[in-house]
$ cat coords_9.csv   # CSV, C-alpha atoms
chain,number,residue,atom,x,y,z
N,253,MET,CA,72.7,95.2,104.4
N,254,ALA,CA,76.1,93.5,104.9
N,255,ALA,CA,78.0,95.8,102.6
N,256,VAL,CA,76.8,98.9,104.6
N,257,MET,CA,78.0,97.4,107.9
N,258,ALA,CA,81.2,96.3,106.3
N,259,THR,CA,81.9,99.7,104.9
N,260,ALA,CA,81.6,101.2,108.4
N,261,ALA,CA,83.8,98.6,109.9
N,262,MET,CA,86.6,98.3,107.4
N,263,ALA,CA,89.4,100.8,106.9
N,264,THR,CA,89.2,102.4,103.5
N,265,VAL,CA,92.0,104.2,101.8
N,266,ASP,CA,93.2,106.4,104.8
N,267,ALA,CA,93.0,110.1,105.0
N,268,ALA,CA,96.7,110.5,105.2
N,269,ARG,CA,97.1,109.7,101.6
N,270,GLY,CA,96.6,113.3,100.6
N,271,ARG,CA,97.9,112.9,97.1
N,272,GLU,CA,95.4,110.2,96.2
N,273,GLU,CA,92.6,112.1,97.8
N,274,GLY,CA,93.5,115.1,95.6
N,275,ALA,CA,93.3,112.8,92.5
N,276,LEU,CA,89.9,111.5,93.6
N,277,ARG,CA,88.5,115.0,93.8
N,278,GLU,CA,90.0,115.9,90.4
N,279,ASP,CA,88.6,112.9,88.5
N,280,GLY,CA,85.2,112.9,90.1
N,281,GLY,CA,85.8,110.6,93.0
N,282,CYS,CA,84.1,107.3,93.8
N,283,GLU,CA,80.7,106.7,95.4
N,284,LEU,CA,81.7,103.1,96.2
N,285,ALA,CA,83.7,101.7,99.1
N,286,ARG,CA,87.4,101.8,98.3
N,287,VAL,CA,89.2,99.2,100.4
N,288,LEU,CA,92.9,98.5,100.8
N,289,VAL,CA,93.8,94.8,100.6
N,290,GLU,CA,97.2,94.1,101.9
N,291,SER,CA,97.0,90.4,102.9
N,292,ALA,CA,94.9,87.2,102.4
N,293,ALA,CA,93.0,88.1,105.6
N,294,ASP,CA,91.9,91.4,104.0
N,295,VAL,CA,90.8,89.7,100.8
N,296,GLU,CA,88.7,87.2,102.7
N,297,ARG,CA,87.2,89.9,104.9
N,298,VAL,CA,86.2,92.1,101.9
N,299,TRP,CA,85.0,89.1,99.9
N,300,CYS,CA,82.7,87.9,102.6
N,301,ALA,CA,81.3,91.3,103.1
N,302,PHE,CA,80.6,92.3,99.5
N,303,ALA,CA,80.5,89.2,97.2
N,304,GLY,CA,77.1,88.8,95.7
N,305,ASP,CA,75.8,91.9,97.5
N,306,ALA,CA,77.4,95.2,96.4
N,307,PRO,CA,80.2,96.6,94.2
N,308,VAL,CA,83.5,97.5,95.9
N,309,VAL,CA,86.8,98.8,94.7
N,310,LEU,CA,89.9,96.8,95.8
N,311,VAL,CA,93.2,98.6,96.1
N,312,PRO,CA,96.0,96.0,96.3
N,313,ARG,CA,98.9,96.9,98.6
N,314,GLY,CA,101.2,95.1,101.0
N,315,GLU,CA,102.0,91.5,100.0
N,316,TYR,CA,100.3,91.9,96.7
N,317,MET,CA,103.0,94.4,95.6
N,318,GLU,CA,105.8,91.8,96.0
N,319,ALA,CA,105.4,90.5,92.5
N,320,CYS,CA,105.9,94.0,91.2
N,321,PHE,CA,109.5,94.3,89.9
N,322,VAL,CA,109.3,96.5,86.8
N,323,GLU,CA,110.5,100.0,87.7
N,324,ALA,CA,109.9,103.2,85.9
N,325,THR,CA,112.7,104.1,83.4
N,326,ALA,CA,113.9,107.4,82.2
N,327,ASP,CA,111.9,107.0,79.1
N,328,ASP,CA,108.5,106.7,80.8
N,329,ASP,CA,107.7,110.4,81.0
N,330,ASP,CA,108.6,110.7,77.3
N,331,ASP,CA,106.0,108.2,76.3
N,332,ASP,CA,103.3,110.4,77.7
N,333,ASP,CA,103.7,112.6,74.7
N,334,ASP,CA,102.9,109.7,72.5
N,335,ASP,CA,99.8,109.0,74.5
N,336,GLY,CA,98.5,112.5,73.9
N,337,GLY,CA,99.1,113.5,77.5
N,338,SER,CA,96.9,110.7,78.8
N,339,GLY,CA,99.1,110.1,81.8
N,340,SER,CA,99.9,106.4,81.0
N,341,GLY,CA,103.3,106.6,82.5
N,342,ASN,CA,104.6,106.9,86.1
N,343,SER,CA,104.7,110.7,86.1
N,344,GLY,CA,102.1,110.9,88.8
N,345,ASP,CA,99.5,112.7,86.7
N,346,GLY,CA,95.8,111.9,86.4
N,347,GLY,CA,96.1,108.7,84.4
N,348,GLY,CA,99.1,106.7,85.5
N,349,GLN,CA,100.3,103.1,85.1
N,350,SER,CA,99.5,100.4,87.6
N,351,ALA,CA,102.0,99.8,90.3
N,352,TYR,CA,100.2,96.6,91.2
N,353,ASN,CA,100.4,94.2,88.3
N,354,CYS,CA,103.3,96.3,87.0
N,355,ALA,CA,104.9,93.7,84.7
N,356,PHE,CA,101.6,93.4,82.8
N,357,ALA,CA,101.2,97.2,82.9
N,358,ALA,CA,104.6,97.7,81.3
N,359,ALA,CA,103.8,95.3,78.6
N,360,VAL,CA,100.4,96.9,77.6
N,361,ARG,CA,101.5,100.5,77.5
N,362,ARG,CA,100.9,102.0,74.1
N,363,GLU,CA,104.3,101.9,72.6
N,364,ALA,CA,105.3,98.6,74.2
N,365,LEU,CA,102.0,96.9,73.1
N,366,LEU,CA,102.4,98.2,69.5
N,367,ALA,CA,106.1,97.2,69.4
N,368,SER,CA,105.3,93.6,70.4
N,369,TRP,CA,101.8,93.0,69.0
N,370,GLY,CA,101.1,95.8,66.6
N,371,GLU,CA,100.8,93.7,63.5
N,372,ARG,CA,98.6,91.0,65.2
N,373,GLU,CA,94.9,91.0,64.2
N,374,ILE,CA,92.3,91.6,66.9
N,375,THR,CA,88.5,91.5,66.9
N,376,LEU,CA,86.7,94.8,67.3
N,377,SER,CA,83.1,95.2,68.4
N,378,THR,CA,80.6,98.0,67.9
N,379,ALA,CA,80.3,100.0,71.1
N,380,ASN,CA,76.6,99.5,71.7
N,381,THR,CA,75.0,97.5,74.5
N,382,ARG,CA,74.8,94.2,72.7
N,383,SER,CA,77.9,94.6,70.5
N,384,TYR,CA,76.2,93.3,67.4
N,385,ALA,CA,78.8,93.8,64.7
N,386,LYS,CA,82.4,92.5,64.7
N,387,ARG,CA,85.3,93.1,62.4
N,388,ARG,CA,89.0,92.3,62.2
N,389,ALA,CA,91.8,94.8,62.2
N,390,THR,CA,95.5,94.9,63.2
N,391,LEU,CA,96.2,96.3,66.7
N,392,ARG,CA,98.1,99.1,65.0
N,393,GLU,CA,95.2,100.1,62.8
N,394,TYR,CA,92.9,100.2,65.8
N,395,VAL,CA,95.3,102.2,68.0
N,396,GLU,CA,96.5,104.6,65.4
N,397,ILE,CA,93.3,105.1,63.4
N,398,GLU,CA,90.1,104.1,65.1
N,399,MET,CA,91.1,105.3,68.6
N,400,LEU,CA,92.3,108.7,67.4
N,401,ALA,CA,89.0,109.1,65.6
N,402,VAL,CA,86.7,108.6,68.6
N,403,GLY,CA,86.9,112.1,70.0
N,404,ASP,CA,86.5,113.7,66.5
N,405,ARG,CA,83.3,111.9,65.6
N,406,ASP,CA,79.9,113.0,66.7
N,407,ALA,CA,78.5,109.6,66.0
N,408,ARG,CA,74.8,109.3,65.9
N,409,SER,CA,74.9,105.7,66.8
N,410,ALA,CA,77.3,103.5,68.9
N,411,GLU,CA,77.4,101.2,66.0
N,412,GLU,CA,79.6,103.8,64.3
N,413,THR,CA,82.3,103.4,67.0
N,414,TRP,CA,84.6,100.4,67.1
N,415,TYR,CA,86.0,99.2,70.4
N,416,TRP,CA,88.5,96.5,71.4
N,417,PHE,CA,87.3,94.6,74.4
N,418,GLY,CA,87.3,90.8,74.7
N,419,ASP,CA,87.1,88.3,71.8
N,420,ASN,CA,90.8,87.7,72.7
N,421,ASP,CA,92.7,84.9,71.0
N,422,HIS,CA,94.3,83.5,74.2
N,423,ALA,CA,96.4,81.0,72.4
N,424,ALA,CA,98.0,83.6,70.1
N,425,TRP,CA,98.4,86.1,72.9
N,426,ARG,CA,99.5,83.6,75.6
N,427,ALA,CA,102.8,85.3,76.2
N,428,LEU,CA,101.0,88.5,77.1
N,429,PHE,CA,98.3,86.9,79.2
N,430,ASP,CA,100.8,84.8,81.2
N,431,THR,CA,102.3,88.0,82.6
N,432,TYR,CA,98.9,89.1,84.1
N,433,GLN,CA,98.7,88.8,87.9
N,434,MET,CA,95.3,87.5,88.9
N,435,PRO,CA,93.2,89.7,91.2
N,436,PRO,CA,93.7,88.9,94.9
N,437,PRO,CA,90.3,87.0,95.4
N,438,VAL,CA,91.2,84.7,92.4
N,439,ALA,CA,94.8,84.3,93.5
N,440,LEU,CA,93.7,83.3,97.0
N,441,GLY,CA,91.1,80.9,95.7
N,442,GLU,CA,93.6,79.2,93.5
N,443,LEU,CA,96.1,79.0,96.3
N,444,ARG,CA,93.6,77.2,98.5
N,445,ARG,CA,92.6,74.8,95.8
N,446,ALA,CA,96.3,73.9,95.2
N,447,ARG,CA,96.9,73.3,98.9
N,448,ALA,CA,93.8,71.1,99.2
N,449,ALA,CA,95.1,69.0,96.3
N,450,GLN,CA,98.6,68.4,97.8
N,451,PRO,CA,99.3,64.7,98.8
N,452,PRO,CA,99.5,64.1,102.5
N,453,LYS,CA,102.9,64.4,104.1
N,454,LEU,CA,104.6,62.1,106.6
N,455,LYS,CA,103.6,64.4,109.5
N,456,PRO,CA,99.9,65.1,110.0
N,457,GLN,CA,99.0,68.4,108.5
N,458,PRO,CA,96.1,70.6,109.4
N,459,PRO,CA,93.4,70.8,106.8
N,460,PRO,CA,93.1,74.0,104.7
N,461,SER,CA,91.2,76.6,106.6
N,462,PRO,CA,87.5,76.6,105.6
N,463,PRO,CA,85.9,79.6,104.1
N,464,ARG,CA,84.5,82.0,106.7
N,465,CYS,CA,81.5,82.9,104.6
N,466,ALA,CA,79.0,81.3,102.3
N,467,GLU,CA,80.3,82.9,99.1
N,468,PRO,CA,83.3,80.8,97.8
N,469,LEU,CA,86.4,82.5,96.5
N,470,PRO,CA,86.7,82.3,92.7
N,471,ILE,CA,89.4,80.0,91.3
N,472,ARG,CA,91.4,80.4,88.1
N,473,ALA,CA,90.0,77.3,86.5
N,474,GLY,CA,86.6,78.9,86.5
N,475,VAL,CA,87.3,82.4,85.3
N,476,ALA,CA,87.6,84.0,81.9
N,477,LEU,CA,89.9,86.9,81.0
N,478,SER,CA,89.0,89.8,78.6
N,479,PHE,CA,91.6,92.4,77.8
N,480,GLY,CA,91.0,95.6,75.9
N,481,VAL,CA,92.2,99.1,75.1
N,482,GLY,CA,90.1,102.3,74.6
N,483,ALA,CA,90.5,106.0,73.7
N,484,ALA,CA,89.1,108.9,75.7
N,485,LEU,CA,85.3,109.2,75.4
N,486,SER,CA,85.0,105.5,74.3
N,487,GLY,CA,83.2,102.9,76.4
N,488,VAL,CA,80.0,100.9,76.4
N,489,PRO,CA,76.4,101.8,77.4
N,490,MET,CA,74.5,100.2,80.3
N,491,HIS,CA,74.4,96.4,80.3
N,492,THR,CA,74.5,93.5,82.7
N,493,HIS,CA,76.2,90.1,82.9
N,494,GLY,CA,77.6,87.8,85.6
N,495,ALA,CA,80.0,88.8,88.4
N,496,VAL,CA,83.3,90.3,87.3
N,497,LEU,CA,86.5,91.8,88.7
N,498,ALA,CA,87.4,94.7,86.4
N,499,GLU,CA,90.9,96.1,86.7
N,500,THR,CA,92.3,99.3,85.1
N,501,ILE,CA,95.9,98.8,84.1
N,502,VAL,CA,96.8,102.1,82.3
N,503,GLY,CA,94.8,105.3,82.5
N,504,ARG,CA,91.4,105.9,84.2
N,505,LYS,CA,88.0,104.5,83.5
N,506,ARG,CA,84.7,106.1,84.8
N,507,TRP,CA,82.1,103.6,85.9
N,508,PHE,CA,78.3,104.1,86.3
N,509,LEU,CA,76.4,101.4,88.2
N,510,ARG,CA,72.9,100.7,89.3
N,511,ALA,CA,71.5,97.9,91.4
N,512,PRO,CA,69.4,95.2,89.8
N,513,GLY,CA,65.6,95.2,90.3
N,514,GLY,CA,63.0,97.8,89.6
N,515,ALA,CA,62.8,99.6,86.3
N,516,ALA,CA,65.7,99.4,83.9
N,517,PRO,CA,68.0,102.5,83.7
N,518,ASP,CA,67.0,105.2,81.3
N,519,PHE,CA,69.4,104.7,78.3
N,520,ASP,CA,69.5,104.0,74.7
N,521,GLY,CA,71.8,101.0,73.9
N,522,ASP,CA,72.7,102.4,70.5
N,523,GLU,CA,73.6,105.8,71.8
N,524,PRO,CA,77.4,106.5,72.2
N,525,VAL,CA,78.2,106.4,75.9
N,526,ARG,CA,79.8,109.8,75.7
N,527,HIS,CA,76.5,111.4,74.8
N,528,TRP,CA,74.7,109.6,77.7
N,529,ALA,CA,77.5,110.7,80.1
N,530,ALA,CA,77.1,114.3,79.0
N,531,ARG,CA,73.6,114.1,80.6
N,532,VAL,CA,74.2,112.1,83.7
N,533,ASP,CA,77.8,113.1,84.7
N,534,ALA,CA,78.7,116.4,83.1
N,535,GLY,CA,79.1,117.9,86.6
N,536,THR,CA,82.3,115.9,87.1
N,537,GLU,CA,85.3,118.0,86.3
N,538,ALA,CA,87.2,115.3,84.3
N,539,VAL,CA,84.2,114.4,82.2
N,540,ARG,CA,83.1,118.0,81.7
N,541,ALA,CA,86.6,118.8,80.3
N,542,LEU,CA,86.4,116.0,77.8
N,543,LEU,CA,82.9,116.7,76.7
N,544,SER,CA,83.5,120.5,76.3
N,545,SER,CA,85.7,119.8,73.3
N,546,SER,CA,83.1,117.5,71.7
N,547,ALA,CA,80.1,120.0,71.6
N,548,LEU,CA,78.1,117.6,73.8
N,549,SER,CA,77.8,119.7,77.0
N,550,ALA,CA,74.6,121.3,75.7
N,551,LEU,CA,72.7,118.1,75.7
N,552,PRO,CA,69.8,118.1,78.2
N,553,MET,CA,70.1,116.2,81.4
N,554,THR,CA,67.6,113.5,82.2
N,555,PRO,CA,66.7,113.3,85.9
N,556,ARG,CA,65.5,109.8,85.6
N,557,ALA,CA,68.8,108.7,84.1
N,558,ARG,CA,70.7,110.2,87.1
N,559,ASN,CA,68.5,108.6,89.7
N,560,ALA,CA,70.1,105.8,91.7
N,561,LEU,CA,73.3,105.8,89.7
N,562,LEU,CA,76.6,105.1,91.5
N,563,ARG,CA,79.7,106.6,90.0
N,564,CYS,CA,83.3,105.7,90.4
N,565,THR,CA,86.5,106.6,88.6
N,566,LEU,CA,88.8,103.6,88.6
N,567,ARG,CA,92.5,104.5,88.5
N,568,ALA,CA,95.4,102.4,87.4
N,569,GLY,CA,96.0,99.5,89.7
N,570,GLU,CA,92.5,99.4,91.2
N,571,ILE,CA,90.0,96.6,90.8
N,572,LEU,CA,86.2,96.9,90.7
N,573,TYR,CA,84.1,94.0,91.8
N,574,ILE,CA,80.6,94.0,90.3
N,575,PRO,CA,78.1,91.4,91.4
N,576,THR,CA,75.9,89.5,89.1
N,577,GLY,CA,73.0,91.5,87.5
N,578,TRP,CA,74.2,95.0,88.4
N,579,TRP,CA,73.7,97.5,85.5
N,580,HIS,CA,76.9,99.3,84.5
N,581,ALA,CA,78.3,101.5,81.8
N,582,THR,CA,81.9,102.7,81.2
N,583,LEU,CA,83.6,105.8,79.9
N,584,ASN,CA,87.4,105.9,79.4
N,585,LEU,CA,88.9,109.2,80.6
N,586,ASP,CA,92.4,109.1,79.1
N,587,ALA,CA,93.6,109.0,75.5
N,588,TYR,CA,95.0,105.5,76.1
N,589,THR,CA,93.3,103.3,78.7
N,590,ALA,CA,94.1,99.6,79.1
N,591,PHE,CA,92.0,97.3,81.2
N,592,MET,CA,91.3,93.6,82.1
N,593,SER,CA,88.1,92.0,83.2
N,594,VAL,CA,88.1,88.7,85.0
N,595,PHE,CA,84.6,87.1,84.6
N,596,LEU,CA,83.8,84.8,87.6
$ encode --input "coords_9.csv" --output "structure tokens"
Amino acid sequence: MAAVMATAAMATVDAARGREEGALREDGGCELARVLVESAADVERVWCAFAGDAPVVLVPRGEYMEACFVEATADDDDDDDDDGGSGSGNSGDGGGQSAYNCAFAAAVRREALLASWGEREITLSTANTRSYAKRRATLREYVEIEMLAVGDRDARSAEETWYWFGDNDHAAWRALFDTYQMPPPVALGELRRARAAQPPKLKPQPPPSPPRCAEPLPIRAGVALSFGVGAALSGVPMHTHGAVLAETIVGRKRWFLRAPGGAAPDFDGDEPVRHWAARVDAGTEAVRALLSSSALSALPMTPRARNALLRCTLRAGEILYIPTGWWHATLNLDAYTAFMSVFL
């Protein structure tokens, strides 16, 4: 399998990054390859190895940090109190704010987002597999009422939990979406398309370098953005769709993945994902700490549900690539988690 060979051959986040390794152990770690991408060559190498084959976590560094110009201010640590200790600032705790894509990260922190967009209406979905029901609310109502209620409810059905993810009005929210820095594979694909479309110059120019693998890089014209915000213990049950690059902007998000093919995972699409996680992931320190306050830790574990699951905690500034058809579920670990998915 190409992904296995690539994992052995490529340098993942190096062992010298002791602080990050400590954070991995604390939040349950990641059973997927976590790969540093510092240049276009890194992006192409990773894309050729994994696209269409297996999930991989991209950690942008190097030249992809050059667009980052928003620095932490003296007020950043104070905002953590407003977030219920979620670690959505730059204080170095378990949540954190993205260093990559930092202009967008600064704009979607809790207080900043409410100050600029709090009175705008958004579309909420029920947090079940197919998101049957929808309703409108202001962003402030969602953040200050619905999100705060998630951990207090022992909902019997995911239809009782409202969640903001997708259904974005891109025209009304254009000023916010325009600050988002596309994931490296999309940015590189767009750059190559732009170069190929340039008119010829007086001097002969070499043609754009051809792709080195069969899987083409995605381009911006063919992708769709979905932004959302969630509270701790919120998320969605197992589901599938087309390929996606999912980025955590603020906070941490726990992912559960299973390869396509064979029997479907053991789950109830109308069960709150926090109940399901109590059975399949309660051994993880961060998840156990959250669940212990929700009287869910006594739920029986289901061996079949745990079988063949891959787990990964995606931290702020990291991007998860999920190929088409892979089953996945999510659980937000911090009181305020912001995230963007780029559907390819």
$ residues_around --input "coords_9.csv" --residues "stretch 575-588 of chain N" --least-positions-apart "6" --cutoff "6 Å" --atoms "all atoms listed in the file" --output "VMD selection string"
chain N and resid 304 338 483 to 495 503 to 512
$ closest_residue --input "coords_9.csv" --among "N:Gly370, N:Glu523, N:Pro517, N:Cys300" --to "N:Leu561" --atoms "only C-alpha atoms"
N:Pro517
$ closest_residue --input "coords_9.csv" --among "N:Pro435, N:Ala358, N:His422, N:Val481" --to "N:Val289" --atoms "all atoms listed in the file"
N:Pro435
$ closest_residue --input "coords_9.csv" --among "N:Leu477, N:Val298, N:Ala424, N:Val309" --to "N:Leu572" --atoms "only C-alpha atoms"
N:Val309
$ closest_atom_pairs --input "coords_9.csv" --of "stretch 391-445 of chain N" --to "stretch 591-595 of chain N" --cutoff "9 Å" --atoms "all atoms listed in the file" --output "Markdown table"
| residue | atom | partner | partner_atom | distance |
| --- | --- | --- | --- | --- |
| N:Phe417 | CA | N:Phe591 | CA | 8.7 |
| N:Gly418 | CA | N:Ser593 | CA | 8.6 |
| N:Met434 | CA | N:Val594 | CA | 8.3 |
| N:Pro435 | CA | N:Val594 | CA | 8.1 |
| N:Val438 | CA | N:Val594 | CA | 9.0 |
$ write_last_selection --input "coords_9.csv" --atoms "C-alpha atoms" --output "PDB file, in the frame of the given file"
ATOM      1  CA  PHE N 417      87.300  94.600  74.400  1.00  0.00           C
ATOM      2  CA  GLY N 418      87.300  90.800  74.700  1.00  0.00           C
ATOM      3  CA  MET N 434      95.300  87.500  88.900  1.00  0.00           C
ATOM      4  CA  PRO N 435      93.200  89.700  91.200  1.00  0.00           C
ATOM      5  CA  VAL N 438      91.200  84.700  92.400  1.00  0.00           C
TER       6      VAL N 438
END
$ atom_distance --input "coords_9.csv" --atom1 "atom CA of N:Arg361" --atom2 "atom CA of N:Gly480"
11.7 Å
$ residues_around --input "coords_9.csv" --residues "N:Gln433" --least-positions-apart "6" --cutoff "9 Å" --atoms "all atoms listed in the file" --output "list in words"
Ala319, Tyr352, Asn353, Cys354, Ala355, Phe356 and Ala439 of chain N
$ closest_residue --input "coords_9.csv" --among "N:Trp369, N:Tyr394, N:Phe302, N:Trp414" --to "N:Ala427" --atoms "only C-alpha atoms"
N:Trp369
$ atom_distance --input "coords_9.csv" --atom1 "atom CA of N:Thr378" --atom2 "atom CA of N:Gly521"
11.1 Å
$ atom_distance --input "coords_9.csv" --atom1 "atom CA of N:His527" --atom2 "atom CA of N:Ala498"
23.1 Å
$ decode --input "coords_9.csv" --residues "stretch 510-524 of chain N" --atoms "N, CA and C atoms" --output "mmCIF file, in the first residue's frame"
data_model
loop_
_atom_site.group_PDB
_atom_site.id
_atom_site.type_symbol
_atom_site.label_atom_id
_atom_site.label_comp_id
_atom_site.auth_asym_id
_atom_site.auth_seq_id
_atom_site.Cartn_x
_atom_site.Cartn_y
_atom_site.Cartn_z
ATOM 1 N N ARG N 510 -12.627 5.092 9.711
ATOM 2 C CA ARG N 510 -12.584 3.683 9.336
ATOM 3 C C ARG N 510 -12.606 3.582 7.817
ATOM 4 N N ALA N 511 -11.795 2.688 7.285
ATOM 5 C CA ALA N 511 -11.668 2.534 5.837
ATOM 6 C C ALA N 511 -12.979 2.048 5.232
ATOM 7 N N PRO N 512 -13.239 2.421 3.985
ATOM 8 C CA PRO N 512 -14.451 1.923 3.312
ATOM 9 C C PRO N 512 -14.331 0.440 2.999
ATOM 10 N N GLY N 513 -15.454 -0.156 2.677
ATOM 11 C CA GLY N 513 -15.463 -1.585 2.376
ATOM 12 C C GLY N 513 -15.815 -2.394 3.598
ATOM 13 N N GLY N 514 -16.368 -3.552 3.375
ATOM 14 C CA GLY N 514 -16.756 -4.414 4.485
ATOM 15 C C GLY N 514 -18.023 -3.917 5.159
ATOM 16 N N ALA N 515 -18.281 -4.438 6.337
ATOM 17 C CA ALA N 515 -19.479 -4.067 7.081
ATOM 18 C C ALA N 515 -19.376 -2.617 7.560
ATOM 19 N N ALA N 516 -20.512 -1.954 7.634
ATOM 20 C CA ALA N 516 -20.541 -0.588 8.130
ATOM 21 C C ALA N 516 -20.155 -0.560 9.601
ATOM 22 N N PRO N 517 -19.573 0.547 10.078
ATOM 23 C CA PRO N 517 -19.237 0.652 11.501
ATOM 24 C C PRO N 517 -20.472 0.491 12.378
ATOM 25 N N ASP N 518 -20.247 0.067 13.599
ATOM 26 C CA ASP N 518 -21.331 -0.131 14.562
ATOM 27 C C ASP N 518 -21.644 1.211 15.215
ATOM 28 N N PHE N 519 -22.728 1.861 14.768
ATOM 29 C CA PHE N 519 -23.111 3.143 15.348
ATOM 30 C C PHE N 519 -24.584 3.393 15.065
ATOM 31 N N ASP N 520 -25.149 4.288 15.848
ATOM 32 C CA ASP N 520 -26.525 4.727 15.662
ATOM 33 C C ASP N 520 -26.460 6.185 15.229
ATOM 34 N N GLY N 521 -26.914 6.485 14.027
ATOM 35 C CA GLY N 521 -26.810 7.831 13.492
ATOM 36 C C GLY N 521 -27.589 8.870 14.254
ATOM 37 N N ASP N 522 -28.516 8.449 15.120
ATOM 38 C CA ASP N 522 -29.279 9.388 15.926
ATOM 39 C C ASP N 522 -28.789 9.466 17.369
ATOM 40 N N GLU N 523 -27.708 8.758 17.675
ATOM 41 C CA GLU N 523 -27.134 8.817 19.017
ATOM 42 C C GLU N 523 -26.121 9.952 19.096
ATOM 43 N N PRO N 524 -26.150 10.767 20.151
ATOM 44 C CA PRO N 524 -25.141 11.819 20.285
ATOM 45 C C PRO N 524 -23.735 11.228 20.234
#
